[in-house]
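Enquirer: This structure is in structure tokens; I'll ask about it shortly.
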Amino acid sequence: MMRNLFGSDQKKQESFFGKALNVLEPMYRFFSVDFPIMKLIVETKMTMDSRQENPIANTWNNKKRDEDKNPFFQSLWVYALISMLLLFLFSIDNILFQYTAFFSYVFIMLFSTLIANFSSILLNTKDQVLIGTKPVSSRTLSAAKATHVFIYLISFTVAIAGPMIAASFFFHGFMIGLMAIILTIVAAVWCLLLTIITYATVLKRFNGERLKNIIAYSQIGISVFTIVGYQIMNQVIQVVDPSTLAIELNLQWWHAIVFPLWFVAPFGILQQGWSVTYGVYVALLVIGTISIVLLYRLNNDKIELNLQKMESGEADEDKRSWYETATGNLVCWNAQEKGYYHFVWQLTKHEREFKTRLYPSLASILVFPFVFMISSLRLAEAGLESSGLLIYMPYFTMMIIPMLSTTLRYSKNYKGRWVFGISSNADAHFFFQGVIKAMTMKLIFPLYMLLSIIVLVIAGWELAVPLLNGFFLIIILFCIEVRRTLKTYPFSKQYDASEANQGCMATMIFFAIIMIAAIIMYLVQTFIPFGSIVALVILVTAAGWFLTKGFKSVILTQQY
Amino acid sequence: MEPILELREVRKSFGGNTVLKGVNFSVHPGEIIGYIGPNGAGKSTTVKIILGMLQQDAGEILLFGKPITSSDDTYKAKIGYVPENAELYETLSAEEYLLFVGRLYGLEEEVVRQKSLEMMRILGIESAFKNRLSSFSKGMRQKVLIISSLLHNPDILFWDEPLNGLDANSVQIIKEILIALKEDGKTIFYSSHIMDTVEKLSDRIMILNEGTVVADGPFEALQQEADGTLEQLFNQLTGFNEHAELAQSFMSALKGGTTAYDA
């Protein structure tokens with residue numbers, strides 16, 4: 001039976017989140033929020049999330065297999081499992097290092113998850129039409145959206161931080177464990193409020209189309225900040241004895257720019273006692289938190305007041321770039337395929353959700369190799385052998401494949417899927433070829449080229465063939481992943497908060513495949529005579545087969 | 001009589017595109033206003049500004065005699081709104097959606113349930129009361145939106161294309177309901193592209209073209225400016241008289257074009 005949102009059943013069975021919200025009622029009142037209405041909106045939204053749009057459920061019969069089961073919460077254990085890797089930090093006997101690494105991990109995961117997956121809730125214009133036109137204040141609606149996101153965010157935080165916090169109680173005692181809990185919650189609040197403040201500020205000043213680009217730039221900004229932060233952390237962390245990985249922390253006041261360090265200072269005070277540097281950091285943490293809360297209070301209605309700009313903004317002129325035209329002519333070998341190529345290119349150009357889901361992955365792909373490179377150089381400095389795998393840096397581009405393949409299912413304009421329904425299934429392979437080629441040339445190729453040029457400049461032209469091999473390998477893996485994940489026509493599903501972590505999960509699973517592929521390529525190209533040439537012939541043949549015949553047998557179901 | 005709604009020199013631009021170029025009009029209680037204009041003329045933008053979804057760049061809006069401000073939303077309790085696109089929360093059932101809306105207006109759940117069920121019965125969709133909105137046709141969704149706009153007995157209705165997707169019988173019922181609502185003292189401000197309906201139903205017709213009101217008055221008064229139907233008057237005032245030529249050009253383009261299969 002479908003659980004009814006209203007009525008006596010609902011009153012008897014208040015959810016855990018509902019009860020938790022009741023405790024926080026005074027805080028909402030401080031923010032001038034109409035609490036009962038806010039709670040009603042949040043509970044309705046959570047119920048809707050647990051009932052995804054599904055072709056089976058989309059009938060007169062309301063019975064549905066997974067009624068009231070939100071896939072987001074069901075898959076959190078995977079994150080908890082992966083986060084257990086952080087427990088190795090306890091093997092390094094330095095509490096500051098442990099929690100610096102921990103909070104850096106928490107911030108990177110939360111920011112990338114929030115921007116990539118929950119922007120669609122914060123920037124939802126439908127709520128404004130259906131709720132904003134009722135006697136509900138902008139503050140209340142905005143708080144409801146923030147709370148809706150926060151429920152996911154805090155659950156995600158529990159999954160990624162839970163193992164480390166539990167271990168904190170075990171290794172460091174009650175006070176440190178409690179401190180870890182409090183500061184992790186503060187970190188989650190920071191991420192949410194900073195994102196809202198940024199969106200509110202951007203929406204106030206810019207129009208819809210620009211906003212989409214600015215959100216993308218902000219993600220690039222976060223990535224750059226991560227690189228800078230990582231560099232600074234390299235100065236903070238001094239390897240004293242490489243053989244035992246003994247380290248010392250060299251905290252200076254100017255390291256304060258890396259704000260995860262602010263969260264670490266209280267641990268330092270608890271364990272090592274008071275110092276001026278710790279004092280400055282704790283002061284910054286307190287001032288920062290108060291400032292963020294006050295800024296949120298000032299801005300929390302601004303998103304709602306300016307949200308319609310997203311719909312009504314003046315659109316940029318739709319023009320194909322020379323790059324799109326040239327690559328389309330180069331890689332598409334028939335008119336239908338070329339038609340789909342440009343269709344997919346333009347569709348993804350205007351989808352904010354597509355950008356917000358993918359750009360953090362793209363940005364982290366750019367960051368990851370640099371972090372890897374810096375680590376290798378530092379290990380070399382410390383007397384350890386620099387890894388030969390450094391030349392495989394561009395292979396990290398593969399990381400985009402799972403998120404990209406998953407994202408291709410969705411579209412804001414999913415209702416336009418009827419177009420596929422009237423096209424012949426015999427043409428499905430042209431469509432797939434168009435999708436693969438468009439996404440490869442639009443997202444994968446530029447990134448791969450950039451990283452390859454860096455490697456060629458550092459290591460020389462003799463690596464050109466292995467790099468070419470990497471590119472063909474990526475195309476093959478992309479084709480395989482698309483065949484595996486896309487069972488319905490691309491762009492046919494609505495973006496759904498409860499499915500927000502599907503791409504992240506796929507990325508983590510795919511990471512193992514990437515490592516295996518990279519190691520095989522390394523072995524073949526390093527130890528087999530003319531291995532790279534042999535690999536090139538095999539990979540070009542396989543990629544050619546996938547791009548011409550690989551999708552001929554595909555039959556897609558249409559989702560209405 | 002004091003106007004219930006008054007717009008004074010309301011302007012709105014999006015980037016370099018000026019949508020409203022100084023809109024002025026007033027609406028009196030109990031009037032049915034047909035607000036019409038070509039696509040992109042600014043009709044929906046006007047309604048969105050009145051409902052607080054957008055903020056005007058300049059000008060003033062008085063509703064119930066008071067200027068509307070973003071800090072005071074209480075006026076929305078006296079407004080009923082049907083949006084242009086039949087957007088709903090599709091994973092909710094009709095019952096749940098209507099109860100949700102009722103709760104937003106602070107209404108008793110049981111009252112809303114009975115009222116909604118009765119209205120759905122009258123509009124012929126009672127059997128779908130507990131079904132998900134995702135399974136509803138466009139016309140059925142439109143009916144749910146119309147019901148949700150009336151649950152709280154508002155003083156003024158803003159209906160943007162209320163007849164979208166409705167079959168001929170339903171259109172007839174909604175027209176009768178509009179007349180009954182007027183007789184009950186409600187003010188109705190609606191937009192529609194069905195000229196015949198606007199002509200017969202409206203006490204006053206306002207034609208918006210390129211961001212300004214180019215005609216405002218009862219149909220009979222507007223007829224003094226140009227003989228014929230409202231459609232002819234509309235064409236004349238919006239400067240659109242080349243239907244036949246455009247159709248010819250369209251056919252030429254159709255015959256001259258190529259498809260992917262031709263290529």
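If you're wondering about the labels, chains in the structure tokens are A, B, ... by order shown, residues count from 1 in each chain, ligands from 1 in order shown.
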Need the shell around Val82 (chain B): protein/DNA/RNA residues with any atom at most 7 Å away, counting only C-alpha atoms. Skip same-chain ones fewer than 4 positions apart. Format as JSON, numbers by chain?

Expert: {"B": [145, 146, 149, 158, 159, 160, 162]}

Enquirer: Output the selection as a tab-separated table (two decimals), in the first residue's frame - N, CA and C atoms for each residue.

Expert:
chain	number	residue	atom	x	y	z
B	145	LEU	N	-5.14	21.55	-10.79
B	145	LEU	CA	-4.59	22.88	-10.50
B	145	LEU	C	-5.72	23.89	-10.27
B	146	ILE	N	-6.78	23.77	-11.07
B	146	ILE	CA	-7.92	24.69	-10.90
B	146	ILE	C	-8.54	24.47	-9.52
B	149	SER	N	-6.47	25.93	-6.77
B	149	SER	CA	-6.50	27.40	-6.70
B	149	SER	C	-7.76	27.92	-6.03
B	158	PHE	N	-5.84	34.31	-10.38
B	158	PHE	CA	-4.96	34.54	-11.52
B	158	PHE	C	-4.81	33.20	-12.23
B	159	TRP	N	-5.44	33.08	-13.34
B	159	TRP	CA	-5.40	31.81	-14.08
B	159	TRP	C	-4.68	32.04	-15.41
B	160	ASP	N	-3.52	31.40	-15.54
B	160	ASP	CA	-2.72	31.55	-16.75
B	160	ASP	C	-3.05	30.37	-17.68
B	162	PRO	N	-6.00	28.77	-18.31
B	162	PRO	CA	-6.68	27.73	-17.54
B	162	PRO	C	-7.34	26.65	-18.40

Enquirer: Name all residues at most 7 Å from region 186-203 of chain B (count only C-alpha atoms; drop same-chain ones fewer than 2 positions away) and give them as JSON, numbers by chain.

Expert: {"B": [29, 30, 31, 32, 33, 34, 35, 36, 155, 156, 157, 158, 159, 160, 161, 181, 182, 184, 205, 218, 219, 230, 231]}

Enquirer: Grab the residues selected above and save them as a JSON list (two decimals), in the first residue's frame with N, CA and C atoms.

Expert:
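This went into result_24.json:
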[["chain", "number", "residue", "atom", "x", "y", "z"],
["B", 29, "PRO", "N", -13.11, 44.91, -8.10],
["B", 29, "PRO", "CA", -13.68, 43.67, -7.56],
["B", 29, "PRO", "C", -14.85, 43.17, -8.41],
["B", 30, "GLY", "N", -14.88, 41.86, -8.63],
["B", 30, "GLY", "CA", -15.98, 41.25, -9.36],
["B", 30, "GLY", "C", -15.83, 41.28, -10.87],
["B", 31, "GLU", "N", -14.71, 41.79, -11.37],
["B", 31, "GLU", "CA", -14.52, 41.84, -12.83],
["B", 31, "GLU", "C", -13.88, 40.54, -13.33],
["B", 32, "ILE", "N", -14.23, 40.17, -14.56],
["B", 32, "ILE", "CA", -13.49, 39.11, -15.25],
["B", 32, "ILE", "C", -12.65, 39.79, -16.32],
["B", 33, "ILE", "N", -11.33, 39.67, -16.15],
["B", 33, "ILE", "CA", -10.42, 40.34, -17.09],
["B", 33, "ILE", "C", -9.76, 39.29, -17.98],
["B", 34, "GLY", "N", -9.87, 39.45, -19.27],
["B", 34, "GLY", "CA", -9.14, 38.60, -20.22],
["B", 34, "GLY", "C", -7.86, 39.32, -20.59],
["B", 35, "TYR", "N", -6.72, 38.74, -20.22],
["B", 35, "TYR", "CA", -5.41, 39.38, -20.45],
["B", 35, "TYR", "C", -4.75, 38.62, -21.59],
["B", 36, "ILE", "N", -4.76, 39.20, -22.76],
["B", 36, "ILE", "CA", -4.27, 38.44, -23.92],
["B", 36, "ILE", "C", -3.13, 39.17, -24.63],
["B", 155, "ASP", "N", -10.12, 35.70, -2.97],
["B", 155, "ASP", "CA", -10.87, 36.87, -3.47],
["B", 155, "ASP", "C", -10.56, 37.14, -4.93],
["B", 156, "ILE", "N", -9.32, 36.84, -5.31],
["B", 156, "ILE", "CA", -8.93, 37.13, -6.70],
["B", 156, "ILE", "C", -8.19, 35.91, -7.29],
["B", 157, "LEU", "N", -8.53, 35.60, -8.54],
["B", 157, "LEU", "CA", -7.92, 34.44, -9.19],
["B", 157, "LEU", "C", -7.03, 34.89, -10.34],
["B", 158, "PHE", "N", -5.84, 34.31, -10.38],
["B", 158, "PHE", "CA", -4.96, 34.54, -11.52],
["B", 158, "PHE", "C", -4.81, 33.20, -12.23],
["B", 159, "TRP", "N", -5.44, 33.08, -13.34],
["B", 159, "TRP", "CA", -5.40, 31.81, -14.08],
["B", 159, "TRP", "C", -4.68, 32.04, -15.41],
["B", 160, "ASP", "N", -3.52, 31.40, -15.54],
["B", 160, "ASP", "CA", -2.72, 31.55, -16.75],
["B", 160, "ASP", "C", -3.05, 30.37, -17.68],
["B", 161, "GLU", "N", -3.71, 30.64, -18.75],
["B", 161, "GLU", "CA", -4.13, 29.59, -19.70],
["B", 161, "GLU", "C", -4.89, 28.47, -18.99],
["B", 181, "LEU", "N", -18.32, 32.13, -10.27],
["B", 181, "LEU", "CA", -17.37, 32.75, -9.33],
["B", 181, "LEU", "C", -17.50, 34.27, -9.35],
["B", 182, "LYS", "N", -17.69, 34.80, -10.54],
["B", 182, "LYS", "CA", -17.89, 36.26, -10.67],
["B", 182, "LYS", "C", -19.14, 36.68, -9.91],
["B", 184, "ASP", "N", -20.32, 35.31, -7.47],
["B", 184, "ASP", "CA", -20.04, 35.17, -6.04],
["B", 184, "ASP", "C", -19.13, 36.30, -5.53],
["B", 205, "ILE", "N", -11.31, 43.35, -21.68],
["B", 205, "ILE", "CA", -10.21, 42.65, -22.34],
["B", 205, "ILE", "C", -9.00, 43.59, -22.41],
["B", 218, "PRO", "N", -14.21, 46.83, -22.48],
["B", 218, "PRO", "CA", -15.14, 45.76, -22.82],
["B", 218, "PRO", "C", -15.06, 45.49, -24.32],
["B", 219, "PHE", "N", -15.39, 44.28, -24.72],
["B", 219, "PHE", "CA", -15.28, 43.90, -26.13],
["B", 219, "PHE", "C", -16.05, 44.88, -27.03],
["B", 230, "LEU", "N", -12.89, 39.40, -32.04],
["B", 230, "LEU", "CA", -11.74, 39.73, -31.20],
["B", 230, "LEU", "C", -10.45, 39.30, -31.88],
["B", 231, "GLU", "N", -10.54, 38.17, -32.58],
["B", 231, "GLU", "CA", -9.34, 37.66, -33.27],
["B", 231, "GLU", "C", -8.84, 38.67, -34.30]]

Enquirer: Can you list every residue in region 106-241 of chain B that DSSP puts in helix (DSSP H, G or I), as a ChimeraX atom specification?

Expert: /B:109-122,126-128,133-135,138-150,168-183,195-201,219-223,230-237

Enquirer: With C-alpha atoms retained, write the just-selected residues as a PDB file, in the first residue's frame.

Expert:
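Below you can see again-v6.pdb, which holds the result:
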ATOM      1  CA  GLU B 109      -7.413  18.417   6.459  1.00  0.00           C
ATOM      2  CA  GLU B 110     -10.886  16.881   6.535  1.00  0.00           C
ATOM      3  CA  VAL B 111     -12.492  19.982   5.047  1.00  0.00           C
ATOM      4  CA  VAL B 112      -9.962  19.972   2.204  1.00  0.00           C
ATOM      5  CA  ARG B 113     -10.444  16.245   1.589  1.00  0.00           C
ATOM      6  CA  GLN B 114     -14.219  16.544   1.296  1.00  0.00           C
ATOM      7  CA  LYS B 115     -14.086  19.707  -0.764  1.00  0.00           C
ATOM      8  CA  SER B 116     -11.469  18.322  -3.186  1.00  0.00           C
ATOM      9  CA  LEU B 117     -13.258  15.030  -3.642  1.00  0.00           C
ATOM     10  CA  GLU B 118     -16.506  16.818  -4.382  1.00  0.00           C
ATOM     11  CA  MET B 119     -14.888  19.183  -6.882  1.00  0.00           C
ATOM     12  CA  MET B 120     -13.100  16.273  -8.557  1.00  0.00           C
ATOM     13  CA  ARG B 121     -16.425  14.451  -8.780  1.00  0.00           C
ATOM     14  CA  ILE B 122     -18.044  17.445 -10.489  1.00  0.00           C
ATOM     15  CA  GLU B 126     -13.194  11.551  -8.804  1.00  0.00           C
ATOM     16  CA  SER B 127     -12.034   7.977  -9.503  1.00  0.00           C
ATOM     17  CA  ALA B 128      -8.448   9.225  -9.794  1.00  0.00           C
ATOM     18  CA  LEU B 133      -0.474  12.702 -10.640  1.00  0.00           C
ATOM     19  CA  SER B 134       2.136  11.214 -12.978  1.00  0.00           C
ATOM     20  CA  SER B 135      -0.633   9.052 -14.407  1.00  0.00           C
ATOM     21  CA  LYS B 138      -2.830  17.106 -19.250  1.00  0.00           C
ATOM     22  CA  GLY B 139      -6.518  17.967 -18.883  1.00  0.00           C
ATOM     23  CA  MET B 140      -6.792  16.109 -15.583  1.00  0.00           C
ATOM     24  CA  ARG B 141      -3.741  17.920 -14.220  1.00  0.00           C
ATOM     25  CA  GLN B 142      -5.269  21.212 -15.263  1.00  0.00           C
ATOM     26  CA  LYS B 143      -8.416  20.342 -13.345  1.00  0.00           C
ATOM     27  CA  VAL B 144      -6.364  19.528 -10.221  1.00  0.00           C
ATOM     28  CA  LEU B 145      -4.593  22.884 -10.504  1.00  0.00           C
ATOM     29  CA  ILE B 146      -7.923  24.686 -10.901  1.00  0.00           C
ATOM     30  CA  ILE B 147      -9.281  22.917  -7.803  1.00  0.00           C
ATOM     31  CA  SER B 148      -6.121  23.724  -5.815  1.00  0.00           C
ATOM     32  CA  SER B 149      -6.499  27.402  -6.700  1.00  0.00           C
ATOM     33  CA  LEU B 150     -10.031  27.470  -5.258  1.00  0.00           C
ATOM     34  CA  ALA B 168     -14.763  20.741 -25.073  1.00  0.00           C
ATOM     35  CA  ASN B 169     -17.128  19.672 -22.279  1.00  0.00           C
ATOM     36  CA  SER B 170     -14.641  20.599 -19.576  1.00  0.00           C
ATOM     37  CA  VAL B 171     -14.040  23.983 -21.204  1.00  0.00           C
ATOM     38  CA  GLN B 172     -17.772  24.576 -21.039  1.00  0.00           C
ATOM     39  CA  ILE B 173     -17.898  23.635 -17.344  1.00  0.00           C
ATOM     40  CA  ILE B 174     -14.927  25.865 -16.467  1.00  0.00           C
ATOM     41  CA  LYS B 175     -16.526  28.782 -18.324  1.00  0.00           C
ATOM     42  CA  GLU B 176     -19.709  28.318 -16.317  1.00  0.00           C
ATOM     43  CA  ILE B 177     -17.679  28.069 -13.101  1.00  0.00           C
ATOM     44  CA  LEU B 178     -15.926  31.334 -13.968  1.00  0.00           C
ATOM     45  CA  ILE B 179     -19.264  33.073 -14.410  1.00  0.00           C
ATOM     46  CA  ALA B 180     -20.526  31.612 -11.120  1.00  0.00           C
ATOM     47  CA  LEU B 181     -17.369  32.748  -9.335  1.00  0.00           C
ATOM     48  CA  LYS B 182     -17.890  36.257 -10.673  1.00  0.00           C
ATOM     49  CA  GLU B 183     -21.451  36.218  -9.392  1.00  0.00           C
ATOM     50  CA  MET B 195     -10.209  34.306 -28.543  1.00  0.00           C
ATOM     51  CA  ASP B 196     -13.762  33.112 -28.790  1.00  0.00           C
ATOM     52  CA  THR B 197     -13.852  32.331 -25.050  1.00  0.00           C
ATOM     53  CA  VAL B 198     -12.168  35.584 -24.073  1.00  0.00           C
ATOM     54  CA  GLU B 199     -14.622  37.530 -26.220  1.00  0.00           C
ATOM     55  CA  LYS B 200     -17.688  35.945 -24.630  1.00  0.00           C
ATOM     56  CA  LEU B 201     -16.518  35.620 -21.046  1.00  0.00           C
ATOM     57  CA  PHE B 219     -15.275  43.900 -26.126  1.00  0.00           C
ATOM     58  CA  GLU B 220     -18.086  46.160 -27.383  1.00  0.00           C
ATOM     59  CA  ALA B 221     -15.959  49.261 -26.746  1.00  0.00           C
ATOM     60  CA  LEU B 222     -12.933  47.727 -28.445  1.00  0.00           C
ATOM     61  CA  GLN B 223     -15.092  46.898 -31.441  1.00  0.00           C
ATOM     62  CA  LEU B 230     -11.744  39.734 -31.196  1.00  0.00           C
ATOM     63  CA  GLU B 231      -9.345  37.663 -33.268  1.00  0.00           C
ATOM     64  CA  GLN B 232      -9.393  40.245 -36.050  1.00  0.00           C
ATOM     65  CA  LEU B 233      -8.967  43.056 -33.551  1.00  0.00           C
ATOM     66  CA  PHE B 234      -6.095  41.175 -31.932  1.00  0.00           C
ATOM     67  CA  ASN B 235      -4.384  40.718 -35.286  1.00  0.00           C
ATOM     68  CA  GLN B 236      -4.803  44.358 -36.104  1.00  0.00           C
ATOM     69  CA  LEU B 237      -3.511  45.654 -32.764  1.00  0.00           C
TER      70      LEU B 237
END

Enquirer: Report the closest atom pair, with its distance in Å rounded to one decimal, for each residue of chain B that has an atom no farther than 8 Å from chain A; count only C-alpha atoms, sort by chain and then rising residue number, and write it as a tab-separated table.

Expert:
residue	atom	partner	partner_atom	distance
B:Phe14	CA	A:Gly313	CA	5.6
B:Gly15	CA	A:Glu314	CA	5.7
B:Gly16	CA	A:Glu314	CA	7.5
B:Asn17	CA	A:Glu314	CA	6.9
B:Leu51	CA	A:Thr133	CA	6.1
B:Gly52	CA	A:Thr133	CA	7.4
B:Met53	CA	A:Gln308	CA	6.5
B:Leu54	CA	A:Gln308	CA	6.2
B:Gln55	CA	A:Leu305	CA	7.5
B:Ser70	CA	A:Leu305	CA	7.7
B:Ser71	CA	A:Ser137	CA	7.6
B:Asp72	CA	A:Ser137	CA	7.6
B:Asp73	CA	A:Pro135	CA	5.5
B:Thr74	CA	A:Pro135	CA	5.6
B:Tyr75	CA	A:Pro135	CA	7.3
B:Lys76	CA	A:Pro135	CA	4.9
B:Ala77	CA	A:Pro135	CA	5.2
B:Ile79	CA	A:Lys134	CA	7.9
B:Tyr81	CA	A:Thr133	CA	7.2
B:Pro83	CA	A:Val129	CA	7.1
B:Glu87	CA	A:Lys126	CA	7.3
B:Leu88	CA	A:Leu130	CA	7.3
B:Tyr89	CA	A:Met48	CA	7.9
B:Glu90	CA	A:Glu53	CA	7.9
B:Thr91	CA	A:Met48	CA	5.7
B:Leu92	CA	A:Met48	CA	6.6
B:Glu96	CA	A:Leu5	CA	6.4
B:Leu99	CA	A:Phe6	CA	7.4
B:Phe100	CA	A:Thr44	CA	7.9
B:Val101	CA	A:Ile131	CA	7.9
B:Arg103	CA	A:Ile37	CA	7.9
B:Leu104	CA	A:Ile37	CA	6.5
B:Tyr105	CA	A:Pro135	CA	6.5
B:Glu109	CA	A:Gly7	CA	7.7
B:Asn131	CA	A:Trp60	CA	6.3
B:Arg132	CA	A:Asn62	CA	6.8
B:Ser134	CA	A:Asn58	CA	6.2
B:Ser135	CA	A:Thr59	CA	5.6
B:Ala260	CA	A:Ala335	CA	5.7
B:Tyr261	CA	A:Gln336	CA	7.9
B:Ala263	CA	A:Ala335	CA	6.8

Enquirer: Based on the selection just made, write N, CA and C atoms of those residues as a short mmCIF file (atom, residue, chain, number, x, y, z; two decimals), in the first residue's frame.

Expert:
data_model
loop_
_atom_site.label_atom_id
_atom_site.label_comp_id
_atom_site.auth_asym_id
_atom_site.auth_seq_id
_atom_site.Cartn_x
_atom_site.Cartn_y
_atom_site.Cartn_z
N PHE B 14 15.05 41.51 -18.72
CA PHE B 14 15.95 40.39 -18.45
C PHE B 14 17.19 40.64 -19.28
N GLY B 15 18.27 41.02 -18.66
CA GLY B 15 19.46 41.40 -19.41
C GLY B 15 19.12 42.57 -20.31
N GLY B 16 19.38 42.44 -21.59
CA GLY B 16 19.08 43.53 -22.51
C GLY B 16 17.66 43.46 -23.08
N ASN B 17 16.91 42.47 -22.66
CA ASN B 17 15.58 42.26 -23.24
C ASN B 17 14.49 42.85 -22.33
N LEU B 51 2.46 38.00 -8.31
CA LEU B 51 2.50 36.92 -7.31
C LEU B 51 3.81 36.85 -6.53
N GLY B 52 4.71 37.78 -6.80
CA GLY B 52 5.95 37.84 -6.02
C GLY B 52 7.02 36.88 -6.47
N MET B 53 6.81 36.19 -7.61
CA MET B 53 7.84 35.28 -8.10
C MET B 53 8.98 36.04 -8.76
N LEU B 54 8.66 37.21 -9.30
CA LEU B 54 9.67 38.08 -9.89
C LEU B 54 9.52 39.46 -9.27
N GLN B 55 10.59 40.22 -9.29
CA GLN B 55 10.48 41.59 -8.78
C GLN B 55 10.59 42.54 -9.96
N SER B 70 8.15 42.02 -0.82
CA SER B 70 8.65 40.65 -0.66
C SER B 70 8.62 40.20 0.80
N SER B 71 8.56 41.17 1.72
CA SER B 71 8.62 40.78 3.14
C SER B 71 7.24 40.39 3.70
N ASP B 72 6.17 40.71 2.98
CA ASP B 72 4.84 40.38 3.48
C ASP B 72 4.11 39.49 2.48
N ASP B 73 3.94 38.22 2.85
CA ASP B 73 3.32 37.26 1.94
C ASP B 73 1.85 37.01 2.26
N THR B 74 1.31 37.73 3.22
CA THR B 74 -0.05 37.41 3.69
C THR B 74 -1.10 37.59 2.58
N TYR B 75 -0.82 38.50 1.65
CA TYR B 75 -1.79 38.75 0.58
C TYR B 75 -2.03 37.50 -0.27
N LYS B 76 -1.04 36.58 -0.27
CA LYS B 76 -1.17 35.38 -1.11
C LYS B 76 -2.28 34.45 -0.61
N ALA B 77 -2.70 34.64 0.65
CA ALA B 77 -3.79 33.81 1.18
C ALA B 77 -5.12 34.15 0.50
N ILE B 79 -5.31 34.88 -2.76
CA ILE B 79 -5.10 34.72 -4.21
C ILE B 79 -5.18 33.24 -4.59
N TYR B 81 -4.06 30.73 -7.82
CA TYR B 81 -3.22 30.81 -9.02
C TYR B 81 -3.18 29.48 -9.77
N PRO B 83 -0.87 28.03 -12.76
CA PRO B 83 0.28 28.39 -13.61
C PRO B 83 0.07 28.01 -15.08
N GLU B 87 2.39 22.06 -14.17
CA GLU B 87 3.41 21.39 -13.36
C GLU B 87 2.85 21.02 -12.01
N LEU B 88 3.10 19.81 -11.61
CA LEU B 88 2.63 19.32 -10.31
C LEU B 88 3.70 18.42 -9.71
N TYR B 89 3.55 18.07 -8.45
CA TYR B 89 4.45 17.07 -7.85
C TYR B 89 3.92 15.70 -8.24
N GLU B 90 4.56 15.13 -9.26
CA GLU B 90 3.95 13.99 -9.93
C GLU B 90 3.95 12.71 -9.12
N THR B 91 4.82 12.61 -8.13
CA THR B 91 4.85 11.36 -7.36
C THR B 91 3.85 11.38 -6.21
N LEU B 92 3.13 12.49 -6.06
CA LEU B 92 2.05 12.53 -5.06
C LEU B 92 0.75 12.13 -5.74
N GLU B 96 -3.15 13.66 -2.00
CA GLU B 96 -2.03 14.18 -1.23
C GLU B 96 -1.65 15.59 -1.65
N LEU B 99 -4.28 18.02 -0.37
CA LEU B 99 -4.16 18.17 1.09
C LEU B 99 -2.93 19.01 1.44
N PHE B 100 -1.86 18.78 0.70
CA PHE B 100 -0.63 19.56 0.92
C PHE B 100 -0.90 21.05 0.69
N VAL B 101 -1.53 21.35 -0.43
CA VAL B 101 -1.85 22.76 -0.74
C VAL B 101 -2.77 23.33 0.34
N ARG B 103 -3.01 22.47 3.43
CA ARG B 103 -2.24 22.73 4.66
C ARG B 103 -1.42 24.01 4.52
N LEU B 104 -0.89 24.27 3.32
CA LEU B 104 -0.13 25.52 3.12
C LEU B 104 -1.02 26.74 3.36
N TYR B 105 -2.32 26.58 3.05
CA TYR B 105 -3.25 27.68 3.29
C TYR B 105 -3.82 27.65 4.72
N GLU B 109 -7.63 19.52 7.40
CA GLU B 109 -7.41 18.42 6.46
C GLU B 109 -8.74 17.79 5.97
N ASN B 131 -4.94 8.36 -7.11
CA ASN B 131 -3.88 7.98 -8.07
C ASN B 131 -2.80 9.03 -8.14
N ARG B 132 -1.61 8.56 -8.51
CA ARG B 132 -0.49 9.50 -8.65
C ARG B 132 -0.72 10.46 -9.81
N SER B 134 1.36 11.57 -11.79
CA SER B 134 2.14 11.21 -12.98
C SER B 134 1.29 10.44 -13.98
N SER B 135 0.21 9.83 -13.50
CA SER B 135 -0.63 9.05 -14.41
C SER B 135 -1.76 9.91 -15.00
N ALA B 260 17.70 14.06 -43.06
CA ALA B 260 18.89 13.22 -42.92
C ALA B 260 18.85 12.06 -43.91
N TYR B 261 17.64 11.57 -44.20
CA TYR B 261 17.50 10.44 -45.11
C TYR B 261 17.83 10.85 -46.55
N ALA B 263 19.88 13.19 -47.37
CA ALA B 263 21.33 13.37 -47.47
C ALA B 263 22.02 12.01 -47.56
#

Enquirer: Enumerate as a ChimeraX atom specification all residues of region 179-234 of chain B assigned to strand (DSSP E or B) by DSSP on the backbone, naming them with the chain letters and numbers the document uses.

Expert: /B:187-191,204-209,212-217

Enquirer: Those same residues, written as a short mmCIF file (atom, residue, chain, number, x, y, z; two decimals), in the first residue's frame with C-alpha atoms?

Expert:
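Contents of the output file selection_33.cif:
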data_model
loop_
_atom_site.label_atom_id
_atom_site.label_comp_id
_atom_site.auth_asym_id
_atom_site.auth_seq_id
_atom_site.Cartn_x
_atom_site.Cartn_y
_atom_site.Cartn_z
CA THR B 187 -12.29 38.87 -9.32
CA ILE B 188 -10.83 36.83 -12.16
CA PHE B 189 -7.73 37.73 -14.11
CA TYR B 190 -6.96 35.16 -16.75
CA SER B 191 -5.05 34.76 -19.96
CA ARG B 204 -12.93 43.68 -19.95
CA ILE B 205 -10.21 42.65 -22.34
CA MET B 206 -6.62 43.87 -22.11
CA ILE B 207 -4.30 43.29 -25.03
CA LEU B 208 -0.61 43.32 -24.24
CA ASN B 209 1.81 43.75 -27.12
CA THR B 212 2.65 47.61 -23.19
CA VAL B 213 -1.12 47.46 -22.91
CA VAL B 214 -2.38 48.48 -26.36
CA ALA B 215 -6.10 48.02 -25.70
CA ASP B 216 -8.21 47.94 -22.54
CA GLY B 217 -11.98 47.82 -22.34
#
